[in-house]
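Peer 1: What follows is query_13.pdb, made up of PDB, C-alpha atoms:
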ATOM      1  CA  MET A   1      -4.066   8.716   6.194
ATOM      2  CA  THR A   2      -5.667   6.436   3.673
ATOM      3  CA  GLU A   3      -8.958   7.614   2.248
ATOM      4  CA  ILE A   4     -10.627   5.547  -0.423
ATOM      5  CA  ARG A   5     -12.744   7.943  -2.449
ATOM      6  CA  THR A   6     -13.961   8.046  -6.026
ATOM      7  CA  ASP A   7     -13.314  11.807  -6.289
ATOM      8  CA  SER A   8      -9.633  11.472  -5.381
ATOM      9  CA  GLN A   9      -7.054  12.160  -8.072
ATOM     10  CA  CYS A  10      -4.468   9.856  -6.493
ATOM     11  CA  ILE A  11      -3.413   6.512  -7.905
ATOM     12  CA  THR A  12      -3.363   3.282  -5.952
ATOM     13  CA  LEU A  13      -0.769   0.526  -6.084
ATOM     14  CA  ILE A  14      -2.145  -2.879  -5.168
ATOM     15  CA  ASN A  15       0.775  -5.268  -5.005
ATOM     16  CA  VAL A  16       0.112  -8.885  -4.049
ATOM     17  CA  PHE A  17       3.123 -10.998  -3.053
ATOM     18  CA  ASN A  18       2.624 -14.763  -2.905
ATOM     19  CA  VAL A  19       4.959 -16.251  -0.290
ATOM     20  CA  SER A  20       5.529 -19.415   1.650
ATOM     21  CA  PRO A  21       3.880 -19.203   5.086
ATOM     22  CA  GLU A  22       7.251 -19.330   6.863
ATOM     23  CA  LYS A  23       8.351 -16.199   4.935
ATOM     24  CA  GLN A  24       5.160 -14.152   5.310
ATOM     25  CA  GLN A  25       6.117 -12.213   8.454
ATOM     26  CA  GLU A  26       9.627 -11.578   7.121
ATOM     27  CA  LEU A  27       8.132  -9.978   4.009
ATOM     28  CA  VAL A  28       5.716  -7.910   6.112
ATOM     29  CA  ASN A  29       8.680  -6.654   8.149
ATOM     30  CA  VAL A  30      10.628  -5.709   5.005
ATOM     31  CA  LEU A  31       7.696  -3.777   3.544
ATOM     32  CA  VAL A  32       6.944  -1.972   6.809
ATOM     33  CA  ARG A  33      10.593  -1.032   7.224
ATOM     34  CA  ALA A  34      10.831   0.222   3.625
ATOM     35  CA  THR A  35       7.730   2.330   4.169
ATOM     36  CA  ARG A  36       8.899   3.810   7.464
ATOM     37  CA  GLU A  37      12.481   4.460   6.364
ATOM     38  CA  VAL A  38      12.158   5.429   2.702
ATOM     39  CA  MET A  39       8.772   5.486   0.951
ATOM     40  CA  ARG A  40       7.021   7.944   3.251
ATOM     41  CA  TYR A  41       9.645  10.579   2.437
ATOM     42  CA  LYS A  42       9.278  10.334  -1.332
ATOM     43  CA  PRO A  43       7.474  13.156  -3.170
ATOM     44  CA  GLY A  44       3.862  12.226  -3.851
ATOM     45  CA  TYR A  45       3.612   9.507  -1.206
ATOM     46  CA  ILE A  46       0.220   9.528   0.530
ATOM     47  CA  SER A  47      -0.156   6.257   2.418
ATOM     48  CA  ALA A  48       0.651   2.563   2.603
ATOM     49  CA  ASN A  49      -1.241  -0.323   4.136
ATOM     50  CA  ILE A  50       0.305  -3.758   4.477
ATOM     51  CA  HIS A  51      -2.037  -6.746   4.762
ATOM     52  CA  LYS A  52      -1.231 -10.404   5.364
ATOM     53  CA  SER A  53      -3.547 -13.246   4.453
ATOM     54  CA  LEU A  54      -4.897 -15.481   7.174
ATOM     55  CA  ASP A  55      -3.605 -18.582   5.387
ATOM     56  CA  GLY A  56      -0.033 -17.221   5.421
ATOM     57  CA  THR A  57       0.487 -17.320   1.655
ATOM     58  CA  ARG A  58       0.070 -13.671   0.640
ATOM     59  CA  VAL A  59       1.116 -10.162   1.599
ATOM     60  CA  THR A  60      -0.654  -7.231  -0.032
ATOM     61  CA  ASN A  61       0.570  -3.666  -0.175
ATOM     62  CA  TYR A  62      -2.166  -1.074  -0.778
ATOM     63  CA  ALA A  63      -0.357   2.230  -1.341
ATOM     64  CA  GLN A  64      -1.559   5.602  -2.559
ATOM     65  CA  TRP A  65       0.523   8.085  -4.555
ATOM     66  CA  ARG A  66      -0.375  11.575  -5.724
ATOM     67  CA  THR A  67       0.379  10.816  -9.398
ATOM     68  CA  LYS A  68       1.719   8.070 -11.624
ATOM     69  CA  GLU A  69       4.780  10.254 -12.230
ATOM     70  CA  ASP A  70       5.489  10.364  -8.475
ATOM     71  CA  PHE A  71       5.163   6.586  -8.325
ATOM     72  CA  ASP A  72       7.452   6.117 -11.340
ATOM     73  CA  SER A  73      10.064   8.461  -9.821
ATOM     74  CA  MET A  74      10.022   6.461  -6.590
ATOM     75  CA  LEU A  75      10.776   3.277  -8.544
ATOM     76  CA  LEU A  76      13.985   4.837  -9.868
ATOM     77  CA  ALA A  77      15.237   6.160  -6.526
ATOM     78  CA  ALA A  78      18.536   4.601  -5.442
ATOM     79  CA  ASP A  79      17.457   4.251  -1.800
ATOM     80  CA  VAL A  80      14.305   2.340  -2.803
ATOM     81  CA  LEU A  81      16.012  -0.357  -4.859
ATOM     82  CA  PRO A  82      17.609  -2.336  -1.984
ATOM     83  CA  HIS A  83      14.240  -2.605  -0.211
ATOM     84  CA  MET A  84      12.482  -3.700  -3.388
ATOM     85  CA  LYS A  85      15.182  -6.274  -4.103
ATOM     86  CA  LYS A  86      14.881  -7.714  -0.599
ATOM     87  CA  ALA A  87      11.085  -8.016  -0.909
ATOM     88  CA  LEU A  88      11.354  -9.652  -4.327
ATOM     89  CA  ASP A  89      14.044 -12.046  -3.074
ATOM     90  CA  ILE A  90      11.710 -13.247  -0.315
ATOM     91  CA  ALA A  91       8.925 -13.860  -2.831
ATOM     92  CA  LYS A  92      11.211 -14.969  -5.701
ATOM     93  CA  GLU A  93       9.876 -18.506  -5.965
ATOM     94  CA  TRP A  94       6.335 -17.180  -5.936
ATOM     95  CA  LYS A  95       4.256 -14.793  -7.987
ATOM     96  CA  VAL A  96       4.308 -11.018  -7.403
ATOM     97  CA  ASP A  97       1.418  -9.134  -8.978
ATOM     98  CA  GLY A  98       1.428  -5.337  -8.787
ATOM     99  CA  HIS A  99      -0.691  -2.849 -10.731
ATOM    100  CA  LEU A 100      -1.815   0.764 -10.500
ATOM    101  CA  TYR A 101      -5.515   1.503 -10.045
ATOM    102  CA  GLN A 102      -8.015   4.303  -9.679
ATOM    103  CA  VAL A 103     -11.004   4.046  -7.341
ATOM    104  CA  ILE A 104     -14.275   3.675  -9.245
ATOM    105  CA  PHE A 105     -16.777   2.746  -6.538
ATOM    106  CA  THR A 106     -16.973   2.705  -2.746
ATOM    107  CA  ASP A 107     -19.777   1.743  -0.386
ATOM    108  CA  GLN A 108     -20.243   1.681   3.365
ATOM    109  CA  THR A 109     -22.997   0.989   5.839
ATOM    110  CA  GLU A 110     -25.151   3.869   7.041
ATOM    111  CA  GLY A 111     -23.649   3.433  10.504
ATOM    112  CA  GLN A 112     -20.169   4.104   9.137
ATOM    113  CA  VAL A 113     -21.379   7.276   7.416
ATOM    114  CA  LYS A 114     -22.852   8.540  10.691
ATOM    115  CA  ILE A 115     -19.635   7.736  12.564
ATOM    116  CA  LYS A 116     -17.625   9.666   9.958
ATOM    117  CA  GLU A 117     -20.041  12.626  10.134
ATOM    118  CA  ALA A 118     -19.752  12.655  13.950
ATOM    119  CA  GLN A 119     -15.959  12.622  13.709
ATOM    120  CA  ILE A 120     -16.035  15.552  11.290
ATOM    121  CA  ALA A 121     -18.374  17.484  13.602
ATOM    122  CA  LEU A 122     -16.042  16.886  16.553
ATOM    123  CA  ASP A 123     -12.981  17.889  14.561
ATOM    124  CA  GLY A 124     -14.595  20.859  12.885
TER     125      GLY A 124
END
Show the structure stored in the file as structure tokens.

Peer 2:
Amino acid sequence: MTEIRTDSQCITLINVFNVSPEKQQELVNVLVRATREVMRYKPGYISANIHKSLDGTRVTNYAQWRTKEDFDSMLLAADVLPHMKKALDIAKEWKVDGHLYQVIFTDQTEGQVKIKEAQIALDG
């Protein structure tokens, strides 16, 4: 489960693919399939979230990994490469912009904090 917290030691990949609108859903499908079939089983994987822009021109992957070393190892895995190649082929005429980040600041409404506290009380 994705948790965005400043006290987390994980690293975050934010990868923005620019695509033609007619290719957007195809790219989403490729990224979802890669996540379900391969990424989630790699050491250090925490979560992935695939977003598509409302204008049809971008797909963003927000993924969390335990460490940069885990992320780097995943990039070298033989079973990952075909999925990455397929995603890059779909976006090849467009820009792909991926970087690793750490969370510095988060904010939420008071109502969201109370909902989270209620969920913790129910679970606990």

Peer 1: My list of candidates is A:Asp107, A:Glu26, A:Asp55, A:Asp97. Which is closest to A:Ile14 when distances are computed with only C-alpha atoms?

Peer 2: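 Smallest separation from A:Ile14 among the options: A:Asp97.
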
Peer 1: Quick one, how far is atom CA of A:Leu13 from atom CA of A:His51?

Peer 2: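 These two atoms are separated by 13.1 Å.
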
Peer 1: Take the point (9.0, -11.5, -4.7) in the file's coordinates, draw a sphere of radius 12 Å around it, and report as a PyMOL selection string every protein, DNA or RNA residue with an atom inside or on it, counting only C-alpha atoms.

Peer 2: chain A and resi 15-20+23-24+26-28+30-31+58-60+83-98

Peer 1: So how many Å separate atom CA of A:Ala34 and atom CA of A:Phe71, to one decimal?

Peer 2: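 Taking atom CA of A:Ala34 as the start and atom CA of A:Phe71 as the end point, the length is 14.7 Å.
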
Peer 1: Take atom CA of A:Leu100 and atom CA of A:Arg66 and report the distance between them in Å, one decimal.

Peer 2: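 Separating atom CA of A:Leu100 from atom CA of A:Arg66 is a distance of 11.9 Å.
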